Amino acid sequence: MFVIQAYSYRLLIKNIISSKLQSSECMIKRRLSLHEYHSFRLLEEAGVPVPPFVVASNKVDAGEKVRKLKTDNLVIKAQVLTGARSKGFFKGGLKGGIKMVNSADEAEKIAGQMIGDYLVTQQTGAKGLLCNYVMIAKRLKIIKEFYLGIIMERNFGGPVILSSVHGGADIDHLSKTTPEAINYTPVDIIKGLERREAEEIAEKIDLGDKKKEAGEIVMKLYEIFIKRDALLIDINPLGLDHQGNLWCIDAKLKFDDDAAYKQRTLHSLRDTSQEDPRVIQAAKHKFSYVPMDGNIGCLVSGAGLAMATIDIINLHGGSPANFVNVSSLRGSKERLKAGLKLIMSEPSVMVVFINIFDGRCEVIAEGIVLAIQELNIDVPIVCRLQGRNAKDARILLGMANLKILPVPDLEEASRLVVKVAQIMVLAKSKNVKVNFELPI
């Protein structure tokens, strides 16, 4: 175990938890998120205790399988890749994506209401996500709940194990209100986790009398984390039953997409029906696509520039509708076209901000003009290009006789794109068409 002194306890916890709990809508990088039943199977294979469970794809299947559990104390969970399932609702009227049921017949009925319907939560947006499967598990008599998590944390250059006596709680909320309630244990990724350290983690969450059993669970979770190239293992809660047994009651696992080439079987479990089709399409071009809630589409080159672009738009009172990070364009006109097509796939886009720092700007400008013409883009475009021959690129864009306004300065460009967005919103509200005549 090692400690880095440069960060305060409070700041570390805030950074770790906030990075861990970002919703998929805010992720720049795609990560493999598994359905809970896949996570349970991985835990089972590793010898981590999970409640007996079955998975069903229709109500009849649910009824037949749940009877094999030979218990009436059951919990049924919609297998949808979102948080806050219990607080969500189905469009068909059923409230809650996690329900306690007391018979196989009731489980069959609830499964029929969940499967094939869309679950809406605070993370999914109004559209919701389709439930194709349910997981039905034996409901255990839990007398105390704890929290265990492992995350790959860049501030430490390796894994960090999080633990707390406050299991079942909203960890993000807990980190903001009572950060001292969360313990963190950085692990030397070269040295690995020692059993002594795992048992010390158990003692920190008042499981001293169960430190061998709890320590064994921590060791096995860490083994999964390393062996499977995980980025996150989230056990919330880890439950202690009335007989003194420990169980992983709920599990969320995320994995590194960059390790897909050596984790092919694992990554074949990806459920693309739970992902935005535009995110999937972007990944095919090795882009990053992030949908947002505003009206300014952003095409940028580089993750840092993407963040800076979003920040400065917000600073000037604007709101991005989405952004596509095309990374290095390498002069590819097809990549530019694909990026702009993704931007314009969002109906709320009223203006596009192209902010690129890359290579030969005149080649990029030619690609922008061709893409706009081929895609018939009719919204105004504010374009900032920085790199070789940037001045020539601005002249080329200005002479294209299109709705393109080339601006060299980021501050000026961001102010302009926000102002244009405001004009477009006003014009739309008054049903007025806006024509642009943009000088060189």
# chains A, B, ... in the order shown; residues from 1 in each chain; ligands from 1

$ select_by_dssp --residues "segment 114-209 of chain A" --states "strand (DSSP E)" --output "ChimeraX atom specification"
/A:118-120,129-130,134-138,142-153,158-164,183-186

$ residues_around --residues "Asn102 of chain A" --least-positions-apart "2" --cutoff "9 Å" --atoms "only C-alpha atoms" --output "number ranges by chain"
A: 71-75, 100, 104-107

$ closest_residue --among "A:Val101, A:Val279, A:Met350, A:Ala198" --to "Gln422 of chain A" --atoms "only C-alpha atoms"
A:Met350

$ residues_around --residues "segment 339-347 of chain A" --least-positions-apart "3" --cutoff "7 Å" --atoms "only C-alpha atoms" --output "MDAnalysis selection string"
chainID A and resid 278 297 299 322:324 326 335:336

$ decode --residues "segment 124-166 of chain A" --atoms "N, CA and C atoms" --output "short mmCIF file (atom, residue, chain, number, x, y, z; two decimals), in the first residue's frame"
data_model
loop_
_atom_site.label_atom_id
_atom_site.label_comp_id
_atom_site.auth_asym_id
_atom_site.auth_seq_id
_atom_site.Cartn_x
_atom_site.Cartn_y
_atom_site.Cartn_z
N THR A 124 -31.65 8.42 -17.93
CA THR A 124 -31.93 8.00 -19.31
C THR A 124 -32.50 9.09 -20.19
N GLY A 125 -33.06 10.14 -19.57
CA GLY A 125 -33.82 11.10 -20.34
C GLY A 125 -35.23 10.58 -20.58
N ALA A 126 -36.04 11.37 -21.26
CA ALA A 126 -37.46 11.04 -21.43
C ALA A 126 -37.69 9.80 -22.28
N LYS A 127 -36.75 9.50 -23.17
CA LYS A 127 -36.93 8.35 -24.05
C LYS A 127 -36.87 7.04 -23.28
N GLY A 128 -36.02 6.97 -22.27
CA GLY A 128 -35.87 5.74 -21.51
C GLY A 128 -35.03 4.70 -22.24
N LEU A 129 -34.86 3.55 -21.62
CA LEU A 129 -34.12 2.44 -22.22
C LEU A 129 -34.98 1.18 -22.20
N LEU A 130 -34.88 0.41 -23.26
CA LEU A 130 -35.69 -0.79 -23.41
C LEU A 130 -35.21 -1.90 -22.49
N CYS A 131 -36.15 -2.52 -21.80
CA CYS A 131 -35.86 -3.66 -20.94
C CYS A 131 -36.10 -4.95 -21.73
N ASN A 132 -35.03 -5.68 -22.00
CA ASN A 132 -35.14 -6.94 -22.73
C ASN A 132 -35.10 -8.16 -21.81
N TYR A 133 -34.56 -7.96 -20.60
CA TYR A 133 -34.41 -9.07 -19.66
C TYR A 133 -34.73 -8.58 -18.25
N VAL A 134 -35.08 -9.53 -17.41
CA VAL A 134 -35.17 -9.26 -15.97
C VAL A 134 -34.31 -10.28 -15.24
N MET A 135 -33.77 -9.86 -14.11
CA MET A 135 -33.07 -10.77 -13.22
C MET A 135 -33.91 -10.92 -11.96
N ILE A 136 -34.18 -12.15 -11.58
CA ILE A 136 -34.97 -12.42 -10.38
C ILE A 136 -34.08 -13.15 -9.39
N ALA A 137 -33.92 -12.59 -8.21
CA ALA A 137 -33.01 -13.16 -7.22
C ALA A 137 -33.73 -13.45 -5.91
N LYS A 138 -33.18 -14.37 -5.16
CA LYS A 138 -33.70 -14.65 -3.82
C LYS A 138 -33.45 -13.44 -2.94
N ARG A 139 -34.49 -13.02 -2.23
CA ARG A 139 -34.36 -11.86 -1.33
C ARG A 139 -33.87 -12.36 0.03
N LEU A 140 -32.69 -11.92 0.41
CA LEU A 140 -32.06 -12.38 1.64
C LEU A 140 -32.42 -11.47 2.81
N LYS A 141 -32.33 -12.00 4.01
CA LYS A 141 -32.59 -11.21 5.22
C LYS A 141 -31.29 -10.54 5.65
N ILE A 142 -31.12 -9.33 5.16
CA ILE A 142 -29.88 -8.58 5.42
C ILE A 142 -30.07 -7.71 6.66
N ILE A 143 -29.13 -7.81 7.59
CA ILE A 143 -29.22 -7.03 8.82
C ILE A 143 -28.30 -5.81 8.82
N LYS A 144 -27.29 -5.83 7.92
CA LYS A 144 -26.39 -4.67 7.84
C LYS A 144 -25.81 -4.60 6.43
N GLU A 145 -25.65 -3.35 5.95
CA GLU A 145 -25.15 -3.14 4.60
C GLU A 145 -23.86 -2.33 4.62
N PHE A 146 -22.95 -2.68 3.69
CA PHE A 146 -21.66 -2.00 3.55
C PHE A 146 -21.45 -1.65 2.08
N TYR A 147 -20.40 -0.89 1.84
CA TYR A 147 -20.07 -0.53 0.46
C TYR A 147 -18.64 -0.95 0.15
N LEU A 148 -18.44 -1.53 -1.04
CA LEU A 148 -17.11 -1.83 -1.56
C LEU A 148 -17.03 -1.39 -3.02
N GLY A 149 -15.94 -0.79 -3.39
CA GLY A 149 -15.75 -0.41 -4.78
C GLY A 149 -14.28 -0.39 -5.13
N ILE A 150 -13.97 -0.63 -6.39
CA ILE A 150 -12.61 -0.51 -6.90
C ILE A 150 -12.67 0.32 -8.17
N ILE A 151 -11.79 1.30 -8.27
CA ILE A 151 -11.75 2.16 -9.45
C ILE A 151 -10.30 2.36 -9.86
N MET A 152 -10.07 2.49 -11.17
CA MET A 152 -8.75 2.84 -11.67
C MET A 152 -8.64 4.36 -11.60
N GLU A 153 -7.76 4.84 -10.74
CA GLU A 153 -7.69 6.27 -10.44
C GLU A 153 -6.37 6.86 -10.92
N ARG A 154 -6.43 7.80 -11.85
CA ARG A 154 -5.22 8.35 -12.44
C ARG A 154 -4.38 9.15 -11.44
N ASN A 155 -5.02 9.75 -10.44
CA ASN A 155 -4.26 10.51 -9.45
C ASN A 155 -3.27 9.63 -8.70
N PHE A 156 -3.59 8.36 -8.56
CA PHE A 156 -2.70 7.41 -7.89
C PHE A 156 -1.90 6.58 -8.88
N GLY A 157 -2.27 6.62 -10.14
CA GLY A 157 -1.59 5.78 -11.12
C GLY A 157 -1.90 4.32 -10.94
N GLY A 158 -3.09 4.00 -10.47
CA GLY A 158 -3.46 2.60 -10.26
C GLY A 158 -4.80 2.46 -9.58
N PRO A 159 -5.12 1.25 -9.11
CA PRO A 159 -6.42 1.00 -8.49
C PRO A 159 -6.54 1.64 -7.11
N VAL A 160 -7.76 2.03 -6.78
CA VAL A 160 -8.09 2.50 -5.44
C VAL A 160 -9.31 1.72 -4.97
N ILE A 161 -9.22 1.17 -3.76
CA ILE A 161 -10.35 0.45 -3.19
C ILE A 161 -11.10 1.39 -2.25
N LEU A 162 -12.40 1.54 -2.49
CA LEU A 162 -13.25 2.38 -1.66
C LEU A 162 -14.09 1.49 -0.76
N SER A 163 -14.32 1.94 0.46
CA SER A 163 -15.13 1.15 1.38
C SER A 163 -15.85 2.08 2.35
N SER A 164 -17.00 1.62 2.84
CA SER A 164 -17.77 2.44 3.77
C SER A 164 -18.74 1.56 4.55
N VAL A 165 -19.05 2.00 5.76
CA VAL A 165 -20.08 1.31 6.56
C VAL A 165 -21.47 1.69 6.07
N HIS A 166 -21.55 2.70 5.22
CA HIS A 166 -22.85 3.19 4.74
C HIS A 166 -23.20 2.54 3.41
#
